[in-house]
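**Student:** First the structure, which I've put down as structure tokens, then a few questions once you've had a look.
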Amino acid sequence: MSPSAPGSTRRVAVIGGARVPFARSDGPYATASNQEMLTAALGGLVERYGLEGPGAVGEFVAGAVLKHSRDFNLARETVLGSALDPRTPAYDIQQACGTGLQAVIAAANKIALGQTESAVAGGADTASDAPLGVNDRLRRILLEARRAKSLGGRAKALAGIRPGHLVPDIPRNAEPRTGLSMGEHAAVTARAWGIAREDQDALAATSHRRLAAAYERGLFQDLVVPFRDLARDQNLRPGSTVEKLATLKPVFGLDAPGATMTAGNSTPLTDGAATVLLASEEWAEARGLEPLAYLTAYETAAVDFVGGDVAGGEDGLLMAPAYAVPRMLERAGLGIEDFDLVEIHEAFASQVLATLVAWEKRGLAPVDRDRLNAAGSSLATGHPFAATGARIVATLATLLAEREGPGRGLISVCAAGGQGVTAILERT
């Protein structure tokens, strides 16, 4: 197939996706590595779409947020461990919780420009197998010993090791600039926007109910690959209700009265991996594959969550989509009312609700709740950081195809570091 002419772009089709069921950390996947989970997800995609042949896929783009040093070339090692042609190029990408969606965007750009005909994007993360760093004081001593010119010099350096130096550096879910966890940041935003506990619990219960219904009607039959004896997302609680969630004690925002964020309306630490297949229309047609939808626009943004209007809610850590989406819609000439489905990553119920209020403040129409996260989202599935974007793209594309007619879907993903990644999918 010939590449596009210089300066022109092509439509990018979402063909399908595959992921492993997501599991709570320290559970079924406690001993599974990022590479093992990502290879399983990619394997499901390869098998479903017959991608084993030479040159079937032009590129593989994926990443992880919690990475061991052994994962420095995660995407490429995943390819080599899969049934894909070993000549398939691959590279890693990382933008916190936006990683999966940014991988999709990176792959889509090359397809749109005619630089490749097909690509797989995705991500994986394990909170169970998080890397433990060497205590920094011990690290400095070991480096000093390595630099020593004599055996005596090395012995002298190593003699400085104390029992306290053997305590590892354990990863923390905290922003380096503020020292606050993502949950504590979200609690500040929830107070600023006046997000009620009952509304958060209602959103969480709805997420579980809708995810359960989606499984029951077979939505995930071609999207979820059984892995380590799991066939469904382990975090799913079909019987979740507002009444049950109301019994949980707050876990974030305890430094001020009226804390509202609990383990039930916040996303749990999760292990998992997801992939999505993208291609040009010509590639899909040649293989007899009907695109589920097309990726037509995307936008990223960042907020000043350190020195900006954090207390007022405008620059909360997870509020960048409040800026990215209005910009993207203005560029596309669209309004919220033009979307049949809206997917907002549910890092926390409070963050979703604050984003909805912020969009309205910026002149967008209210989101019809029946169109919001129609098959559930991260509160029910869980959230393996780098895998969520690919999960959402594949799920939304499948939901649009399920409607059997033209449709349009919006994706909004918040991310650590005060960032946001958003996109539009359309089915014509």
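By convention in this document, the chains of the structure tokens carry letters A, B, ... by their order, each chain's residues are numbered from 1, and ligands are numbered from 1 in the order they are shown.
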Which residues in region 57-281 of chain A does DSSP call helix (DSSP H, G or I)? List them as number ranges by chain.
**Tutor:** A: 69-71, 74-80, 99-112, 136-147, 151-158, 163-166, 182-193, 197-216, 242-245, 281
**Student:** Near Leu203 (chain A), counting only C-alpha atoms, which residues have an atom at most 9 Å away, once you skip same-chain residues fewer than 6 positions from it, shown as a list in words?
**Tutor:** Val242, Asn265, Ala349, Ser350, Val352, Leu353 and Leu379 of chain A
**Student:** Hey, can you spit out that residue selection with N, CA and C atoms as a PDB file, in the first residue's frame?
**Tutor:**
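Okay, result39.pdb is ready:
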```
ATOM      1  N   VAL A 242     -26.022   2.518  46.648  1.00  0.00           N
ATOM      2  CA  VAL A 242     -25.704   3.741  47.387  1.00  0.00           C
ATOM      3  C   VAL A 242     -25.767   3.470  48.885  1.00  0.00           C
ATOM      4  N   ASN A 265     -15.867   4.889  46.557  1.00  0.00           N
ATOM      5  CA  ASN A 265     -16.022   5.844  45.457  1.00  0.00           C
ATOM      6  C   ASN A 265     -14.670   6.326  44.934  1.00  0.00           C
ATOM      7  N   ALA A 349     -14.810   9.193  41.964  1.00  0.00           N
ATOM      8  CA  ALA A 349     -16.130   9.707  41.609  1.00  0.00           C
ATOM      9  C   ALA A 349     -16.151  11.222  41.736  1.00  0.00           C
ATOM     10  N   SER A 350     -15.491  11.753  42.742  1.00  0.00           N
ATOM     11  CA  SER A 350     -15.489  13.208  42.957  1.00  0.00           C
ATOM     12  C   SER A 350     -14.847  13.936  41.787  1.00  0.00           C
ATOM     13  N   VAL A 352     -14.735  12.931  38.616  1.00  0.00           N
ATOM     14  CA  VAL A 352     -15.656  12.905  37.476  1.00  0.00           C
ATOM     15  C   VAL A 352     -16.705  14.001  37.630  1.00  0.00           C
ATOM     16  N   LEU A 353     -17.290  14.099  38.814  1.00  0.00           N
ATOM     17  CA  LEU A 353     -18.348  15.076  39.058  1.00  0.00           C
ATOM     18  C   LEU A 353     -17.816  16.504  38.994  1.00  0.00           C
ATOM     19  N   LEU A 379     -14.067   2.887  38.300  1.00  0.00           N
ATOM     20  CA  LEU A 379     -14.516   2.566  39.648  1.00  0.00           C
ATOM     21  C   LEU A 379     -14.945   1.112  39.748  1.00  0.00           C
TER      22      LEU A 379
END
```
**Student:** At what distance in Å, to one decimal, does CA of Gly164 (chain A) lie from CA of Leu151 (chain A)?
**Tutor:**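 Separation of CA of Leu151 (chain A) and CA of Gly164 (chain A): 24.4 Å.
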**Student:** If we count only C-alpha atoms and set the cut-off at 10 Å, which residues sit around Thr178 (chain A), ignoring sequence neighbours fewer than 5 positions away in its own chain? Please answer as an MDAnalysis selection string.
**Tutor:** chainID A and resid 185 305:306
**Student:** Create the file for the chosen residues now, containing N, CA, C and O atoms and written as a PDB file, in the first residue's frame.
**Tutor:**
```
ATOM      1  N   HIS A 185      -5.233  15.109  46.826  1.00  0.00           N
ATOM      2  CA  HIS A 185      -5.452  16.203  45.866  1.00  0.00           C
ATOM      3  C   HIS A 185      -6.913  16.232  45.423  1.00  0.00           C
ATOM      4  O   HIS A 185      -7.537  17.296  45.321  1.00  0.00           O
ATOM      5  N   PHE A 305      -0.944  22.726  39.239  1.00  0.00           N
ATOM      6  CA  PHE A 305      -1.525  22.234  40.485  1.00  0.00           C
ATOM      7  C   PHE A 305      -0.658  22.560  41.700  1.00  0.00           C
ATOM      8  O   PHE A 305      -1.018  22.233  42.827  1.00  0.00           O
ATOM      9  N   VAL A 306       0.475  23.215  41.461  1.00  0.00           N
ATOM     10  CA  VAL A 306       1.347  23.605  42.573  1.00  0.00           C
ATOM     11  C   VAL A 306       1.116  25.065  42.955  1.00  0.00           C
ATOM     12  O   VAL A 306       0.871  25.382  44.122  1.00  0.00           O
TER      13      VAL A 306
END
```
**Student:** Residues of region 262-313 of chain A within 7 Å of region 393-408 of chain A: nearest atom pair and distance (Å, one decimal) for each, counting only C-alpha atoms, sorted by chain and number, as CSV?
**Tutor:**
```
residue,atom,partner,partner_atom,distance
A:Val276,CA,A:Ala394,CA,6.1
A:Leu292,CA,A:Ala401,CA,5.2
A:Ala293,CA,A:Ala397,CA,5.4
```
**Student:** Could you write out, as a PyMOL selection string, all the residues of region 61-284 of chain A that DSSP marks as strand (DSSP E or B)?
**Tutor:** chain A and resi 61-63+90-92+95+97+118-125+133+169+174+181+224+227+230+250-252+261-262+266+270-280
**Student:** Hey, what's within 7 Å of region 17-27 of chain A if we count only C-alpha atoms and toss same-chain stuff fewer than 2 positions away? As a ChimeraX atom specification, please?
**Tutor:** /A:29-30,40-42,44-45,127-128,223-227,230-235,268-277,381-382,394
**Student:** Could you produce a table of the residues of region 161-217 of chain A lying within 10 Å of region 250-264 of chain A, with the nearest pair of atoms per residue and their separation in Å rounded to one decimal, using only C-alpha atoms, ordered by chain and increasing residue number, as CSV?
**Tutor:**
```
residue,atom,partner,partner_atom,distance
A:Ser181,CA,A:Phe252,CA,9.1
A:Met182,CA,A:Phe252,CA,9.4
A:Gly183,CA,A:Phe252,CA,5.9
A:Glu184,CA,A:Phe252,CA,5.5
A:His185,CA,A:Gly253,CA,8.4
A:Ala186,CA,A:Phe252,CA,8.3
A:Ala187,CA,A:Gly253,CA,5.0
A:Val188,CA,A:Gly253,CA,7.0
A:Thr189,CA,A:Gly253,CA,9.9
A:Ala190,CA,A:Thr260,CA,8.1
A:Arg191,CA,A:Ala259,CA,8.4
A:Ile195,CA,A:Thr260,CA,8.2
A:Ala196,CA,A:Thr260,CA,7.0
A:Arg197,CA,A:Thr260,CA,4.8
A:Glu198,CA,A:Thr260,CA,8.5
A:Asp199,CA,A:Thr260,CA,9.8
A:Gln200,CA,A:Met261,CA,7.9
A:Asp201,CA,A:Gly264,CA,7.3
A:Ala204,CA,A:Gly264,CA,7.1
A:Ala205,CA,A:Gly264,CA,8.7
```
**Student:** Pull all heavy atoms from the residues just selected and write them as a CSV table (one decimal), in the first residue's frame.
**Tutor:**
```csv
chain,number,residue,atom,x,y,z
A,181,SER,N,-0.9,12.7,48.1
A,181,SER,CA,-1.4,11.6,47.2
A,181,SER,C,-2.4,12.1,46.3
A,181,SER,O,-3.0,13.2,46.5
A,181,SER,CB,-2.0,10.4,48.1
A,181,SER,OG,-3.2,10.8,48.6
A,182,MET,N,-2.7,11.3,45.2
A,182,MET,CA,-3.7,11.7,44.3
A,182,MET,C,-5.1,11.8,45.0
A,182,MET,O,-5.8,12.7,44.6
A,182,MET,CB,-3.8,10.7,43.1
A,182,MET,CG,-4.6,11.1,42.0
A,182,MET,SD,-4.5,9.9,40.6
A,182,MET,CE,-2.9,10.3,40.0
A,183,GLY,N,-5.3,10.9,45.9
A,183,GLY,CA,-6.6,11.0,46.6
A,183,GLY,C,-6.7,12.3,47.4
A,183,GLY,O,-7.8,12.9,47.5
A,184,GLU,N,-5.6,12.7,48.1
A,184,GLU,CA,-5.7,13.9,48.9
A,184,GLU,C,-5.9,15.1,48.0
A,184,GLU,O,-6.6,16.1,48.3
A,184,GLU,CB,-4.4,14.0,49.7
A,184,GLU,CG,-4.3,13.0,50.8
A,184,GLU,CD,-5.4,13.1,51.8
A,184,GLU,OE1,-6.0,14.1,52.0
A,184,GLU,OE2,-5.8,12.0,52.4
A,185,HIS,N,-5.2,15.1,46.8
A,185,HIS,CA,-5.5,16.2,45.9
A,185,HIS,C,-6.9,16.2,45.4
A,185,HIS,O,-7.5,17.3,45.3
A,185,HIS,CB,-4.5,16.0,44.7
A,185,HIS,CG,-3.2,16.7,44.8
A,185,HIS,ND1,-3.0,18.1,44.7
A,185,HIS,CD2,-2.0,16.2,45.0
A,185,HIS,CE1,-1.8,18.3,44.8
A,185,HIS,NE2,-1.1,17.2,45.0
A,186,ALA,N,-7.5,15.0,45.1
A,186,ALA,CA,-8.9,15.0,44.7
A,186,ALA,C,-9.8,15.5,45.8
A,186,ALA,O,-10.9,16.1,45.5
A,186,ALA,CB,-9.2,13.6,44.3
A,187,ALA,N,-9.4,15.2,47.0
A,187,ALA,CA,-10.3,15.7,48.1
A,187,ALA,C,-10.3,17.2,48.2
A,187,ALA,O,-11.4,17.8,48.5
A,187,ALA,CB,-9.8,15.1,49.5
A,188,VAL,N,-9.2,17.8,47.9
A,188,VAL,CA,-9.2,19.3,47.9
A,188,VAL,C,-10.1,19.8,46.8
A,188,VAL,O,-10.9,20.8,47.0
A,188,VAL,CB,-7.7,19.8,47.6
A,188,VAL,CG1,-7.7,21.3,47.4
A,188,VAL,CG2,-6.8,19.5,48.8
A,189,THR,N,-10.1,19.2,45.7
A,189,THR,CA,-10.9,19.6,44.5
A,189,THR,C,-12.4,19.3,44.9
A,189,THR,O,-13.3,20.1,44.6
A,189,THR,CB,-10.5,18.8,43.3
A,189,THR,OG1,-9.2,19.1,42.9
A,189,THR,CG2,-11.4,19.2,42.1
A,190,ALA,N,-12.7,18.2,45.5
A,190,ALA,CA,-14.0,17.9,45.9
A,190,ALA,C,-14.6,18.9,46.8
A,190,ALA,O,-15.8,19.3,46.7
A,190,ALA,CB,-14.1,16.5,46.5
A,191,ARG,N,-13.8,19.4,47.8
A,191,ARG,CA,-14.3,20.5,48.7
A,191,ARG,C,-14.5,21.8,47.9
A,191,ARG,O,-15.5,22.5,48.1
A,191,ARG,CB,-13.3,20.7,49.8
A,191,ARG,CG,-13.3,19.6,50.8
A,191,ARG,CD,-12.6,20.1,52.1
A,191,ARG,NE,-11.2,20.4,51.9
A,191,ARG,CZ,-10.2,19.5,52.1
A,191,ARG,NH1,-10.5,18.3,52.5
A,191,ARG,NH2,-9.0,19.8,51.9
A,195,ILE,N,-18.6,18.8,46.0
A,195,ILE,CA,-19.1,17.5,45.5
A,195,ILE,C,-19.6,16.7,46.7
A,195,ILE,O,-18.9,16.4,47.6
A,195,ILE,CB,-18.0,16.8,44.7
A,195,ILE,CG1,-17.4,17.7,43.6
A,195,ILE,CG2,-18.5,15.5,44.2
A,195,ILE,CD1,-18.4,18.1,42.6
A,196,ALA,N,-20.9,16.3,46.6
A,196,ALA,CA,-21.5,15.7,47.8
A,196,ALA,C,-21.2,14.2,47.8
A,196,ALA,O,-21.0,13.5,46.8
A,196,ALA,CB,-23.0,15.8,47.7
A,197,ARG,N,-21.1,13.6,49.0
A,197,ARG,CA,-20.8,12.2,49.2
A,197,ARG,C,-21.9,11.3,48.5
A,197,ARG,O,-21.5,10.4,47.8
A,197,ARG,CB,-20.8,11.9,50.7
A,197,ARG,CG,-20.9,10.5,51.1
A,197,ARG,CD,-19.6,9.7,50.9
A,197,ARG,NE,-19.8,8.3,51.2
A,197,ARG,CZ,-19.5,7.7,52.4
A,197,ARG,NH1,-19.0,8.5,53.4
A,197,ARG,NH2,-19.6,6.5,52.6
A,198,GLU,N,-23.1,11.7,48.7
A,198,GLU,CA,-24.2,10.8,48.1
A,198,GLU,C,-24.1,10.8,46.6
A,198,GLU,O,-24.3,9.7,46.0
A,198,GLU,CB,-25.6,11.4,48.5
A,198,GLU,CG,-26.7,10.5,48.0
A,198,GLU,CD,-28.1,11.0,48.5
A,198,GLU,OE1,-28.1,12.0,49.1
A,198,GLU,OE2,-29.1,10.3,48.1
A,199,ASP,N,-23.7,11.9,45.9
A,199,ASP,CA,-23.5,11.9,44.5
A,199,ASP,C,-22.4,11.0,44.0
A,199,ASP,O,-22.4,10.3,43.0
A,199,ASP,CB,-23.3,13.3,44.0
A,199,ASP,CG,-24.6,14.2,44.1
A,199,ASP,OD1,-25.7,13.6,44.2
A,199,ASP,OD2,-24.4,15.4,44.2
A,200,GLN,N,-21.3,11.0,44.8
A,200,GLN,CA,-20.1,10.2,44.5
A,200,GLN,C,-20.5,8.7,44.7
A,200,GLN,O,-20.2,7.9,43.8
A,200,GLN,CB,-19.0,10.5,45.5
A,200,GLN,CG,-18.4,11.9,45.4
A,200,GLN,CD,-17.4,12.2,46.4
A,200,GLN,OE1,-16.4,11.4,46.5
A,200,GLN,NE2,-17.5,13.3,47.1
A,201,ASP,N,-21.2,8.4,45.7
A,201,ASP,CA,-21.6,7.0,45.9
A,201,ASP,C,-22.6,6.5,44.8
A,201,ASP,O,-22.5,5.4,44.3
A,201,ASP,CB,-22.3,6.8,47.3
A,201,ASP,CG,-21.3,6.9,48.4
A,201,ASP,OD1,-20.0,6.8,48.1
A,201,ASP,OD2,-21.7,7.1,49.6
A,204,ALA,N,-20.5,5.7,41.7
A,204,ALA,CA,-19.8,4.5,41.9
A,204,ALA,C,-20.7,3.3,41.7
A,204,ALA,O,-20.4,2.3,41.0
A,204,ALA,CB,-19.1,4.4,43.3
A,205,ALA,N,-21.9,3.3,42.4
A,205,ALA,CA,-22.9,2.2,42.3
A,205,ALA,C,-23.3,2.0,40.8
A,205,ALA,O,-23.4,0.9,40.3
A,205,ALA,CB,-24.1,2.5,43.2
```
**Student:** Just give me the gap between CA of Leu101 (chain A) and CA of Gly63 (chain A) in Å, one decimal is fine.
**Tutor:**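 Calculated distance between CA of Leu101 (chain A) and CA of Gly63 (chain A) is 10.4 Å.
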**Student:** Nearest to Gly376 (chain A) among A:Lys361, A:Arg427, A:Arg210, A:Arg287, with distances taken over only C-alpha atoms: which residue is it?
**Tutor:**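 Looking only at the distances to Gly376 (chain A), the closest residue turns out to be A:Arg210.
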**Student:** Could you tell me which of A:Ala103, A:Ala192, A:Ala279, A:Ala347 comes closest to Asp309 (chain A) if we count only C-alpha atoms?
**Tutor:** A:Ala192
**Student:** I'd like the interatomic distance between CA of Val120 (chain A) and CA of Ala212 (chain A), to a tenth of an Å.
**Tutor:**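 Interatomic distance, CA of Val120 (chain A) to CA of Ala212 (chain A): 27.4 Å.
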**Student:** So which residues touch region 134-150 of chain A within 6 Å, counting only C-alpha atoms, skipping near sequence neighbours fewer than 4 positions away, as a ChimeraX atom specification?
**Tutor:** /A:154,157,165,168-169
**Student:** Store the residues picked out above in a file with C-alpha atoms, as a short mmCIF file (atom, residue, chain, number, x, y, z; two decimals), in the first residue's frame.
**Tutor:**
```
data_model
loop_
_atom_site.label_atom_id
_atom_site.label_comp_id
_atom_site.auth_asym_id
_atom_site.auth_seq_id
_atom_site.Cartn_x
_atom_site.Cartn_y
_atom_site.Cartn_z
CA ARG A 154 35.93 -0.57 48.67
CA ALA A 157 33.11 2.45 51.80
CA HIS A 165 20.38 1.73 55.02
CA PRO A 168 14.11 -0.01 50.65
CA ASP A 169 12.52 3.03 49.08
#
```
**Student:** Given only C-alpha atoms as the basis, pick out the residue of A:Val421, A:Gly313, A:Leu372, A:Phe385 nearest to Gly409 (chain A).
**Tutor:** A:Leu372
**Student:** Which polymer residues have any atom within 8 Å of an atom of Gly100 (chain A), counting only C-alpha atoms, with same-chain residues fewer than 5 positions away left out, as a list in words?
**Tutor:** Ala62, Gly63, Ala121, Gly122, Gly123, Ala386, Ala387, Thr388, Gly389 and Ala390 of chain A
**Student:** Those same residues - N, CA, C and O atoms - I'd like them written as a PDB file, in the first residue's frame.
**Tutor:**
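What follows is the written file result24.pdb:
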```
ATOM      1  N   ALA A  62       3.488   0.993  23.546  1.00  0.00           N
ATOM      2  CA  ALA A  62       2.875   0.696  24.838  1.00  0.00           C
ATOM      3  C   ALA A  62       3.767   1.242  25.948  1.00  0.00           C
ATOM      4  O   ALA A  62       4.882   1.695  25.716  1.00  0.00           O
ATOM      5  N   GLY A  63       3.255   1.188  27.170  1.00  0.00           N
ATOM      6  CA  GLY A  63       4.043   1.671  28.289  1.00  0.00           C
ATOM      7  C   GLY A  63       3.500   1.194  29.610  1.00  0.00           C
ATOM      8  O   GLY A  63       2.470   0.516  29.683  1.00  0.00           O
ATOM      9  N   ALA A 121      -1.561  -0.345  20.077  1.00  0.00           N
ATOM     10  CA  ALA A 121      -1.201   0.521  21.188  1.00  0.00           C
ATOM     11  C   ALA A 121      -1.743  -0.077  22.476  1.00  0.00           C
ATOM     12  O   ALA A 121      -2.742  -0.812  22.460  1.00  0.00           O
ATOM     13  N   GLY A 122      -1.103   0.233  23.586  1.00  0.00           N
ATOM     14  CA  GLY A 122      -1.611  -0.306  24.832  1.00  0.00           C
ATOM     15  C   GLY A 122      -0.776   0.068  26.022  1.00  0.00           C
ATOM     16  O   GLY A 122       0.022   1.008  25.989  1.00  0.00           O
ATOM     17  N   GLY A 123      -0.970  -0.668  27.091  1.00  0.00           N
ATOM     18  CA  GLY A 123      -0.236  -0.402  28.313  1.00  0.00           C
ATOM     19  C   GLY A 123      -0.534  -1.453  29.363  1.00  0.00           C
ATOM     20  O   GLY A 123      -1.498  -2.212  29.258  1.00  0.00           O
ATOM     21  N   ALA A 386      -1.405   2.542  33.167  1.00  0.00           N
ATOM     22  CA  ALA A 386      -1.119   2.673  31.736  1.00  0.00           C
ATOM     23  C   ALA A 386      -2.086   1.903  30.846  1.00  0.00           C
ATOM     24  O   ALA A 386      -2.115   2.120  29.635  1.00  0.00           O
ATOM     25  N   ALA A 387      -2.881   1.021  31.432  1.00  0.00           N
ATOM     26  CA  ALA A 387      -3.790   0.199  30.627  1.00  0.00           C
ATOM     27  C   ALA A 387      -5.138   0.868  30.384  1.00  0.00           C
ATOM     28  O   ALA A 387      -5.865   0.501  29.449  1.00  0.00           O
ATOM     29  N   THR A 388      -5.496   1.845  31.208  1.00  0.00           N
ATOM     30  CA  THR A 388      -6.852   2.392  31.176  1.00  0.00           C
ATOM     31  C   THR A 388      -7.209   3.049  29.846  1.00  0.00           C
ATOM     32  O   THR A 388      -8.319   2.891  29.341  1.00  0.00           O
ATOM     33  N   GLY A 389      -6.298   3.799  29.252  1.00  0.00           N
ATOM     34  CA  GLY A 389      -6.603   4.484  27.997  1.00  0.00           C
ATOM     35  C   GLY A 389      -6.988   3.524  26.890  1.00  0.00           C
ATOM     36  O   GLY A 389      -7.972   3.740  26.170  1.00  0.00           O
ATOM     37  N   ALA A 390      -6.223   2.448  26.737  1.00  0.00           N
ATOM     38  CA  ALA A 390      -6.539   1.459  25.701  1.00  0.00           C
ATOM     39  C   ALA A 390      -7.855   0.757  26.011  1.00  0.00           C
ATOM     40  O   ALA A 390      -8.638   0.450  25.103  1.00  0.00           O
TER      41      ALA A 390
END
```
**Student:** Rank A:Val342, A:Val12, A:Leu245, A:Cys414 by their smallest atom-to-atom distance to Tyr323 (chain A), using only C-alpha atoms, and report the top residue only.
**Tutor:** A:Cys414
**Student:** Applying 10 Å and only C-alpha atoms, which residues near Ser8 (chain A) remain after dropping the ones on its own chain fewer than 6 positions away? List them as a PDB file with C-alpha atoms, in the first residue's frame.
**Tutor:**
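Saved to selection.pdb:
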```
ATOM      1  CA  ALA A 112      -2.806   9.298   9.601  1.00  0.00           C
ATOM      2  CA  LEU A 113       0.426  10.493   7.995  1.00  0.00           C
ATOM      3  CA  GLY A 114       0.826   7.332   5.937  1.00  0.00           C
TER       4      GLY A 114
END
```
